[in-house]
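**Student:** I'm passing along work.cif; it holds mmCIF, C-alpha atoms and all ligand atoms.
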```
data_entry
#
loop_
_atom_site.group_PDB
_atom_site.id
_atom_site.type_symbol
_atom_site.label_atom_id
_atom_site.label_comp_id
_atom_site.auth_asym_id
_atom_site.auth_seq_id
_atom_site.Cartn_x
_atom_site.Cartn_y
_atom_site.Cartn_z
ATOM 1 C CA MET A 821 121.497 97.836 -52.596
ATOM 2 C CA THR A 822 119.948 94.473 -51.765
ATOM 3 C CA PRO A 823 120.305 91.488 -54.111
ATOM 4 C CA ALA A 824 116.653 91.857 -55.091
ATOM 5 C CA GLU A 825 117.186 95.485 -55.988
ATOM 6 C CA ASN A 826 120.284 94.529 -57.940
ATOM 7 C CA VAL A 827 118.218 92.192 -60.045
ATOM 8 C CA LYS A 828 115.382 94.639 -60.545
ATOM 9 C CA SER A 829 117.741 97.353 -61.727
ATOM 10 C CA LEU A 830 118.979 95.087 -64.517
ATOM 11 C CA GLN A 831 115.633 94.448 -66.111
ATOM 12 C CA PRO A 832 115.141 95.848 -69.603
ATOM 13 C CA SER A 833 112.823 98.798 -69.657
ATOM 14 C CA ASP A 834 110.486 97.451 -72.325
ATOM 15 C CA ALA A 835 109.889 94.720 -74.861
ATOM 16 C CA GLY A 836 111.904 96.492 -77.494
ATOM 17 C CA GLY A 837 114.904 96.572 -75.220
ATOM 18 C CA VAL A 838 116.053 93.061 -76.010
ATOM 19 C CA GLY A 839 118.958 93.472 -78.358
ATOM 20 C CA ASP A 840 118.813 97.209 -79.011
ATOM 21 C CA ILE A 841 121.221 98.643 -76.430
ATOM 22 C CA SER A 842 124.764 99.348 -77.535
ATOM 23 C CA ASP A 843 127.629 97.417 -76.063
ATOM 24 C CA ASN A 844 129.164 99.232 -73.147
ATOM 25 C CA GLN A 845 132.121 98.036 -71.172
ATOM 26 C CA GLN A 846 131.108 99.716 -67.938
ATOM 27 C CA LYS A 847 127.670 98.161 -68.111
ATOM 28 C CA TRP A 848 129.261 94.746 -68.518
ATOM 29 C CA VAL A 849 131.438 95.366 -65.485
ATOM 30 C CA GLU A 850 128.431 96.415 -63.425
ATOM 31 C CA LEU A 851 126.327 93.517 -64.642
ATOM 32 C CA ASN A 852 128.998 90.950 -63.877
ATOM 33 C CA ALA A 853 129.510 92.468 -60.435
ATOM 34 C CA ASN A 854 125.798 92.175 -59.781
ATOM 35 C CA ILE A 855 125.755 88.575 -60.980
ATOM 36 C CA THR A 856 128.744 87.392 -58.993
ATOM 37 C CA THR A 857 127.511 88.923 -55.734
ATOM 38 C CA CYS A 858 123.907 87.764 -55.996
ATOM 39 C CA ARG A 859 122.470 85.827 -53.039
ATOM 40 C CA LEU A 860 118.818 85.873 -53.999
ATOM 41 C CA CYS A 861 118.168 82.119 -53.895
ATOM 42 C CA PRO A 862 118.907 80.719 -50.410
ATOM 43 C CA ARG A 863 118.926 77.078 -51.512
ATOM 44 C CA LEU A 864 121.428 77.712 -54.292
ATOM 45 C CA VAL A 865 123.632 80.017 -52.246
ATOM 46 C CA ALA A 866 123.932 77.314 -49.587
ATOM 47 C CA TYR A 867 124.596 74.604 -52.159
ATOM 48 C CA ARG A 868 127.223 76.455 -54.212
ATOM 49 C CA GLU A 869 129.116 77.397 -51.065
ATOM 50 C CA GLU A 870 128.894 73.900 -49.618
ATOM 51 C CA ILE A 871 130.299 72.423 -52.837
ATOM 52 C CA ALA A 872 133.107 74.983 -52.747
ATOM 53 C CA ARG A 873 133.896 74.147 -49.131
ATOM 54 C CA VAL A 874 133.790 70.357 -49.359
ATOM 55 C CA LYS A 875 135.324 70.121 -52.882
ATOM 56 C CA LYS A 876 136.029 67.010 -54.899
ATOM 57 C CA ARG A 877 139.083 64.982 -53.995
ATOM 58 C CA ALA A 878 140.646 65.534 -57.434
ATOM 59 C CA PHE A 879 140.389 69.309 -56.936
ATOM 60 C CA ARG A 880 141.202 69.619 -53.253
ATOM 61 C CA ASP A 881 144.043 72.055 -54.025
ATOM 62 C CA TRP A 882 141.706 74.377 -55.925
ATOM 63 C CA GLU A 883 140.140 77.442 -54.447
ATOM 64 C CA TYR A 884 136.625 76.977 -55.766
ATOM 65 C CA TRP A 885 134.809 79.941 -57.270
ATOM 66 C CA GLY A 886 131.629 79.072 -55.347
ATOM 67 C CA LYS A 887 129.697 82.098 -56.648
ATOM 68 C CA PRO A 888 127.281 82.820 -59.486
ATOM 69 C CA VAL A 889 128.960 82.528 -62.879
ATOM 70 C CA PRO A 890 128.748 85.418 -65.360
ATOM 71 C CA GLY A 891 128.455 85.037 -69.113
ATOM 72 C CA PHE A 892 131.589 84.591 -71.174
ATOM 73 C CA GLY A 893 132.654 85.357 -74.705
ATOM 74 C CA ASP A 894 132.672 87.969 -77.423
ATOM 75 C CA PRO A 895 130.709 91.098 -76.389
ATOM 76 C CA HIS A 896 130.088 91.763 -80.083
ATOM 77 C CA ALA A 897 128.886 88.224 -80.731
ATOM 78 C CA ARG A 898 126.229 87.454 -83.308
ATOM 79 C CA LEU A 899 125.530 84.120 -81.628
ATOM 80 C CA LEU A 900 124.182 83.699 -78.103
ATOM 81 C CA VAL A 901 124.514 80.256 -76.530
ATOM 82 C CA VAL A 902 122.258 79.568 -73.554
ATOM 83 C CA GLY A 903 122.907 76.659 -71.216
ATOM 84 C CA LEU A 904 121.312 75.509 -67.988
ATOM 85 C CA ALA A 905 123.501 76.144 -64.931
ATOM 86 C CA PRO A 906 127.069 75.751 -63.636
ATOM 87 C CA GLY A 907 128.470 72.306 -63.022
ATOM 88 C CA ALA A 908 129.310 71.554 -59.408
ATOM 89 C CA HIS A 909 132.986 70.940 -60.057
ATOM 90 C CA GLY A 910 133.117 72.664 -63.440
ATOM 91 C CA SER A 911 132.222 76.326 -63.601
ATOM 92 C CA ASN A 912 131.275 76.452 -59.915
ATOM 93 C CA ARG A 913 134.950 75.592 -59.383
ATOM 94 C CA THR A 914 136.562 77.640 -62.148
ATOM 95 C CA GLY A 915 134.218 80.643 -62.377
ATOM 96 C CA ARG A 916 133.818 80.556 -66.162
ATOM 97 C CA MET A 917 130.960 79.122 -68.202
ATOM 98 C CA PHE A 918 131.425 75.484 -69.205
ATOM 99 C CA THR A 919 134.983 75.396 -67.933
ATOM 100 C CA GLY A 920 136.473 72.496 -66.036
ATOM 101 C CA ASP A 921 134.160 69.569 -66.695
ATOM 102 C CA SER A 922 133.189 67.141 -69.434
ATOM 103 C CA SER A 923 130.341 69.337 -70.704
ATOM 104 C CA GLY A 924 132.785 72.142 -71.342
ATOM 105 C CA ASP A 925 135.304 69.790 -72.922
ATOM 106 C CA PHE A 926 132.618 68.643 -75.358
ATOM 107 C CA LEU A 927 131.358 72.161 -76.081
ATOM 108 C CA TYR A 928 134.660 73.961 -76.576
ATOM 109 C CA ALA A 929 136.113 71.160 -78.702
ATOM 110 C CA ALA A 930 133.115 71.552 -81.009
ATOM 111 C CA LEU A 931 133.396 75.340 -81.078
ATOM 112 C CA HIS A 932 137.077 75.005 -81.911
ATOM 113 C CA ARG A 933 136.342 72.583 -84.761
ATOM 114 C CA VAL A 934 133.994 75.120 -86.316
ATOM 115 C CA GLY A 935 136.370 78.057 -85.766
ATOM 116 C CA MET A 936 134.473 79.793 -82.976
ATOM 117 C CA ALA A 937 137.066 79.120 -80.244
ATOM 118 C CA ASN A 938 140.823 79.598 -80.395
ATOM 119 C CA GLN A 939 141.581 76.372 -78.528
ATOM 120 C CA PRO A 940 139.831 73.018 -78.081
ATOM 121 C CA THR A 941 140.413 72.552 -74.369
ATOM 122 C CA THR A 942 139.735 74.562 -71.237
ATOM 123 C CA VAL A 943 141.154 74.193 -67.766
ATOM 124 C CA HIS A 944 140.649 77.405 -65.833
ATOM 125 C CA ARG A 945 139.330 80.894 -66.450
ATOM 126 C CA ASP A 946 142.757 82.336 -67.291
ATOM 127 C CA ASP A 947 143.757 79.658 -69.791
ATOM 128 C CA GLY A 948 143.704 81.963 -72.820
ATOM 129 C CA LEU A 949 140.437 80.735 -74.312
ATOM 130 C CA ARG A 950 138.911 83.254 -76.696
ATOM 131 C CA LEU A 951 135.595 82.938 -78.446
ATOM 132 C CA ARG A 952 134.845 84.443 -81.825
ATOM 133 C CA ASP A 953 131.355 85.760 -82.501
ATOM 134 C CA VAL A 954 129.921 83.701 -79.634
ATOM 135 C CA PHE A 955 128.746 84.589 -76.142
ATOM 136 C CA ILE A 956 127.924 81.783 -73.710
ATOM 137 C CA THR A 957 125.563 82.131 -70.809
ATOM 138 C CA ALA A 958 122.971 80.190 -68.815
ATOM 139 C CA ILE A 959 119.474 80.513 -67.441
ATOM 140 C CA CYS A 960 120.664 79.876 -63.873
ATOM 141 C CA ARG A 961 124.010 81.183 -62.567
ATOM 142 C CA CYS A 962 124.359 79.038 -59.464
ATOM 143 C CA VAL A 963 124.925 75.315 -59.383
ATOM 144 C CA PRO A 964 121.662 73.571 -58.451
ATOM 145 C CA PRO A 965 121.342 70.251 -56.604
ATOM 146 C CA ASP A 966 120.910 67.406 -59.113
ATOM 147 C CA ASN A 967 121.319 69.956 -61.935
ATOM 148 C CA LYS A 968 117.707 70.970 -61.362
ATOM 149 C CA PRO A 969 116.960 74.598 -60.568
ATOM 150 C CA THR A 970 113.380 75.202 -59.497
ATOM 151 C CA PRO A 971 111.064 77.308 -61.669
ATOM 152 C CA GLU A 972 111.271 80.035 -59.008
ATOM 153 C CA GLU A 973 115.072 80.019 -59.133
ATOM 154 C CA ILE A 974 115.064 80.221 -62.924
ATOM 155 C CA ARG A 975 112.652 83.133 -62.770
ATOM 156 C CA ALA A 976 114.780 84.883 -60.136
ATOM 157 C CA CYS A 977 117.826 84.612 -62.384
ATOM 158 C CA GLN A 978 116.071 85.648 -65.580
ATOM 159 C CA PRO A 979 116.928 89.385 -65.325
ATOM 160 C CA PHE A 980 120.624 88.562 -65.645
ATOM 161 C CA LEU A 981 120.070 86.813 -68.960
ATOM 162 C CA GLU A 982 117.813 89.627 -70.099
ATOM 163 C CA ALA A 983 120.480 92.177 -69.223
ATOM 164 C CA GLU A 984 123.072 90.247 -71.234
ATOM 165 C CA MET A 985 120.683 90.106 -74.165
ATOM 166 C CA ASP A 986 120.310 93.872 -73.939
ATOM 167 C CA LEU A 987 124.051 94.440 -73.929
ATOM 168 C CA LEU A 988 124.635 92.020 -76.803
ATOM 169 C CA SER A 989 122.977 94.425 -79.156
ATOM 170 C CA GLY A 990 124.062 92.702 -82.346
ATOM 171 C CA PHE A 991 123.202 89.065 -81.812
ATOM 172 C CA LYS A 992 121.308 87.392 -84.623
ATOM 173 C CA GLY A 993 120.720 83.899 -83.350
ATOM 174 C CA ILE A 994 120.468 81.760 -80.245
ATOM 175 C CA VAL A 995 121.539 78.180 -79.662
ATOM 176 C CA ALA A 996 119.660 76.779 -76.659
ATOM 177 C CA LEU A 997 121.380 73.853 -74.974
ATOM 178 C CA GLY A 998 118.635 71.654 -73.585
ATOM 179 C CA SER A 999 114.886 72.011 -73.347
ATOM 180 C CA LEU A 1000 114.863 74.131 -70.184
ATOM 181 C CA ALA A 1001 117.087 76.763 -71.793
ATOM 182 C CA PHE A 1002 115.007 76.578 -74.967
ATOM 183 C CA GLN A 1003 111.747 77.166 -73.116
ATOM 184 C CA GLN A 1004 113.223 79.921 -70.976
ATOM 185 C CA VAL A 1005 114.390 81.866 -74.009
ATOM 186 C CA LEU A 1006 110.858 81.670 -75.384
ATOM 187 C CA ALA A 1007 109.443 82.707 -72.005
ATOM 188 C CA ILE A 1008 111.625 85.815 -71.969
ATOM 189 C CA TYR A 1009 110.275 86.973 -75.298
ATOM 190 C CA ARG A 1010 106.705 86.191 -74.284
ATOM 191 C CA ASN A 1011 107.178 88.083 -71.024
ATOM 192 C CA HIS A 1012 108.211 91.058 -73.111
ATOM 193 C CA GLY A 1013 105.039 90.879 -75.143
ATOM 194 C CA ARG A 1014 106.444 89.216 -78.220
ATOM 195 C CA PRO A 1015 104.023 86.884 -80.040
ATOM 196 C CA VAL A 1016 106.057 83.701 -79.705
ATOM 197 C CA GLY A 1017 103.930 80.590 -79.950
ATOM 198 C CA ARG A 1018 104.324 77.194 -78.350
ATOM 199 C CA LEU A 1019 107.368 75.531 -79.912
ATOM 200 C CA ASP A 1020 108.636 72.008 -79.483
ATOM 201 C CA PHE A 1021 112.169 71.221 -78.436
ATOM 202 C CA ALA A 1022 114.087 68.769 -80.616
ATOM 203 C CA HIS A 1023 117.747 68.453 -81.422
ATOM 204 C CA ASN A 1024 118.674 70.649 -84.391
ATOM 205 C CA ALA A 1025 115.190 72.171 -84.622
ATOM 206 C CA TYR A 1026 115.399 75.670 -86.058
ATOM 207 C CA TYR A 1027 112.793 78.345 -85.487
ATOM 208 C CA ASP A 1028 112.368 81.704 -87.084
ATOM 209 C CA LEU A 1029 110.784 83.631 -84.204
ATOM 210 C CA GLY A 1030 109.739 86.454 -86.513
ATOM 211 C CA ASP A 1031 108.930 89.986 -85.352
ATOM 212 C CA GLY A 1032 112.569 91.072 -85.728
ATOM 213 C CA LEU A 1033 113.722 88.538 -83.136
ATOM 214 C CA PRO A 1034 116.798 86.333 -83.412
ATOM 215 C CA TRP A 1035 116.387 82.843 -84.792
ATOM 216 C CA LEU A 1036 116.489 79.967 -82.331
ATOM 217 C CA LEU A 1037 118.283 76.663 -82.794
ATOM 218 C CA ALA A 1038 117.752 73.856 -80.280
ATOM 219 C CA SER A 1039 120.413 71.377 -79.243
ATOM 220 C CA TYR A 1040 120.689 68.605 -76.733
ATOM 221 C CA HIS A 1041 122.754 69.776 -73.784
ATOM 222 C CA PRO A 1042 126.337 68.434 -73.836
ATOM 223 C CA SER A 1043 125.917 66.917 -70.382
ATOM 224 C CA ARG A 1044 127.840 63.816 -69.481
ATOM 225 C CA GLN A 1045 124.528 61.973 -69.367
ATOM 226 C CA ASN A 1046 123.887 62.839 -73.018
ATOM 227 C CA THR A 1047 127.407 62.518 -74.398
ATOM 228 C CA GLN A 1048 128.343 59.279 -72.644
ATOM 229 C CA THR A 1049 125.146 57.532 -73.667
ATOM 230 C CA GLY A 1050 125.500 58.548 -77.307
ATOM 231 C CA ARG A 1051 122.339 60.646 -77.220
ATOM 232 C CA LEU A 1052 124.537 63.536 -78.330
ATOM 233 C CA THR A 1053 127.531 62.618 -80.479
ATOM 234 C CA PRO A 1054 130.288 64.943 -81.733
ATOM 235 C CA THR A 1055 128.826 64.646 -85.219
ATOM 236 C CA MET A 1056 125.379 65.679 -83.997
ATOM 237 C CA PHE A 1057 126.870 68.586 -82.077
ATOM 238 C CA ASP A 1058 129.030 69.705 -84.996
ATOM 239 C CA ALA A 1059 125.875 69.900 -87.099
ATOM 240 C CA ILE A 1060 124.504 72.537 -84.700
ATOM 241 C CA TRP A 1061 127.497 74.827 -84.953
ATOM 242 C CA GLN A 1062 127.889 74.384 -88.680
ATOM 243 C CA ARG A 1063 124.233 75.245 -89.128
ATOM 244 C CA ALA A 1064 124.572 78.255 -86.841
ATOM 245 C CA LYS A 1065 127.509 79.515 -88.868
ATOM 246 C CA ILE A 1066 125.581 79.149 -92.093
ATOM 247 C CA LEU A 1067 122.594 80.939 -90.559
ATOM 248 C CA LEU A 1068 124.791 83.788 -89.359
ATOM 249 C CA ASP A 1069 126.374 84.176 -92.754
ATOM 250 C CA GLY A 1070 122.978 84.273 -94.428
ATOM 251 C CA GLN A 1071 123.363 81.158 -96.537
ATOM 252 C CA TRP A 1072 120.624 79.065 -94.960
ATOM 253 C CA ASP A 1073 117.458 78.560 -96.927
ATOM 254 C CA PRO A 1074 114.622 79.426 -94.513
ATOM 255 C CA GLY A 1075 112.335 77.253 -96.588
ATOM 256 C CA THR A 1076 114.000 74.187 -95.125
ATOM 257 C CA SER A 1077 113.410 75.306 -91.549
ATOM 258 C CA ASN A 1078 110.794 74.985 -88.878
ATOM 259 C CA ARG A 1079 108.757 78.093 -88.253
ATOM 260 C CA GLY A 1080 108.080 79.623 -84.845
HETATM 261 S S1 LIG B 1 120.525 81.515 -59.261
HETATM 262 FE FE1 LIG B 1 120.691 83.619 -60.060
HETATM 263 S S2 LIG B 1 119.172 84.806 -58.843
HETATM 264 FE FE2 LIG B 1 119.584 82.877 -57.725
HETATM 265 S S3 LIG B 1 121.257 83.363 -56.282
HETATM 266 FE FE3 LIG B 1 122.199 82.539 -58.143
HETATM 267 S S4 LIG B 1 122.674 84.359 -59.368
HETATM 268 FE FE4 LIG B 1 121.185 84.992 -57.830
#
```
Produce structure tokens that represent the structure in this file.
Ligand code: SF4
**Tutor:**
Amino acid sequence: MTPAENVKSLQPSDAGGVGDISDNQQKWVELNANITTCRLCPRLVAYREEIARVKKRAFRDWEYWGKPVPGFGDPHARLLVVGLAPGAHGSNRTGRMFTGDSSGDFLYAALHRVGMANQPTTVHRDDGLRLRDVFITAICRCVPPDNKPTPEEIRACQPFLEAEMDLLSGFKGIVALGSLAFQQVLAIYRNHGRPVGRLDFAHNAYYDLGDGLPWLLASYHPSRQNTQTGRLTPTMFDAIWQRAKILLDGQWDPGTSNRG
């Protein structure tokens, strides 16, 4: 099977497929195998492998992952977290979402503070990190130059996110990290015929997407650029996860929220 056929075979069969397929371990295994062997985007394949070959001086003893990165977390999660793409020397090195760089340090510390992760730090993909009720993924599985995947590359990778959404049959809400992830989540639902209008990205903006869809909460991405400039502080980030927890537990008053 070619990479293109791999991707096609993972597409949900219809609009109603998002979120209504039961969790199945074998399907996860097959999906992750398809993700990690994908070579559909020549520019990104070349870049991820070049990064893995050249390495960063601080990690010269590492054997870099250098492949697409699958989603990570609780397969029964009620919360789906969608990021942008692997970091060059983070998850492109370690092979696990948000693991091994400052973005991951910021994210997992926050998830630990709110009780969604069993430890505040991450080093490598076998470090014992466990997530509770959370599954973390991204709109692009290969590290892009300058952290900027092209629209074509994002579209090529979309079936992997759709397949994860299918397998996560019980998720109730989505936290989108950054505007590109936010818009791509909306695009997926629109592509499946759901009447999702034009929505604006803003930190801590909450949208009820209606039509039986999960709610959507927007957050600034925990990139070094955002966290080191103070655009995203730990307090601002904690507010996202605390709000998500309240939303999941049904204690949020929708009257105080934005409407999609
Ligand atoms: S970005 Fe996605 S579609 Fe493109 S090569 Fe990587 S895994 Fe495949």
**Student:** So which residues are near ligand LIG 1 (chain B), meaning at most 9 Å away with all atoms listed in the file counted, given back as a ChimeraX atom specification?
**Tutor:** /A:823-824,827,854-865,868,887-890,905,959-964,969,972-980
**Student:** Work out how far atom CA of His944 of chain A is from atom CA of Thr1053 of chain A, in Å to one decimal.
**Tutor:**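 Rounded to one decimal, the two atoms are 24.6 Å apart.
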**Student:** So which one's closest to Leu981 of chain A, A:Gln939, A:Gln1004, A:Ser922, A:Asn1011? Using all atoms listed in the file, please.
**Tutor:**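 Smallest separation from Leu981 of chain A among the options: A:Gln1004.
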**Student:** Please report the interatomic distance between atom CA of Tyr928 of chain A and atom CA of Thr942 of chain A in Å with one decimal.
**Tutor:**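 Atom-to-atom, atom CA of Tyr928 of chain A and atom CA of Thr942 of chain A are spaced 7.4 Å apart.
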**Student:** Could you name the residues that touch Arg945 of chain A at 10 Å or less, counting all atoms listed in the file, but leaving out those on the same chain fewer than 3 positions away, as a VMD selection string?
**Tutor:** chain A and resid 892 911 913 to 920 942 948 to 949
**Student:** Output C-alpha atoms for every residue in that selection, as a short mmCIF file (atom, residue, chain, number, x, y, z; two decimals), in the coordinates of the input.
**Tutor:**
```cif
data_model
loop_
_atom_site.label_atom_id
_atom_site.label_comp_id
_atom_site.auth_asym_id
_atom_site.auth_seq_id
_atom_site.Cartn_x
_atom_site.Cartn_y
_atom_site.Cartn_z
CA PHE A 892 131.59 84.59 -71.17
CA SER A 911 132.22 76.33 -63.60
CA ARG A 913 134.95 75.59 -59.38
CA THR A 914 136.56 77.64 -62.15
CA GLY A 915 134.22 80.64 -62.38
CA ARG A 916 133.82 80.56 -66.16
CA MET A 917 130.96 79.12 -68.20
CA PHE A 918 131.43 75.48 -69.20
CA THR A 919 134.98 75.40 -67.93
CA GLY A 920 136.47 72.50 -66.04
CA THR A 942 139.74 74.56 -71.24
CA GLY A 948 143.70 81.96 -72.82
CA LEU A 949 140.44 80.74 -74.31
#
```
**Student:** Please provide as a count of residues only all residues within 9 Å of Leu1037 of chain A, with the sequence filter that same-chain residues fewer than 2 positions apart are discarded (counting only C-alpha atoms).
**Tutor:** 17
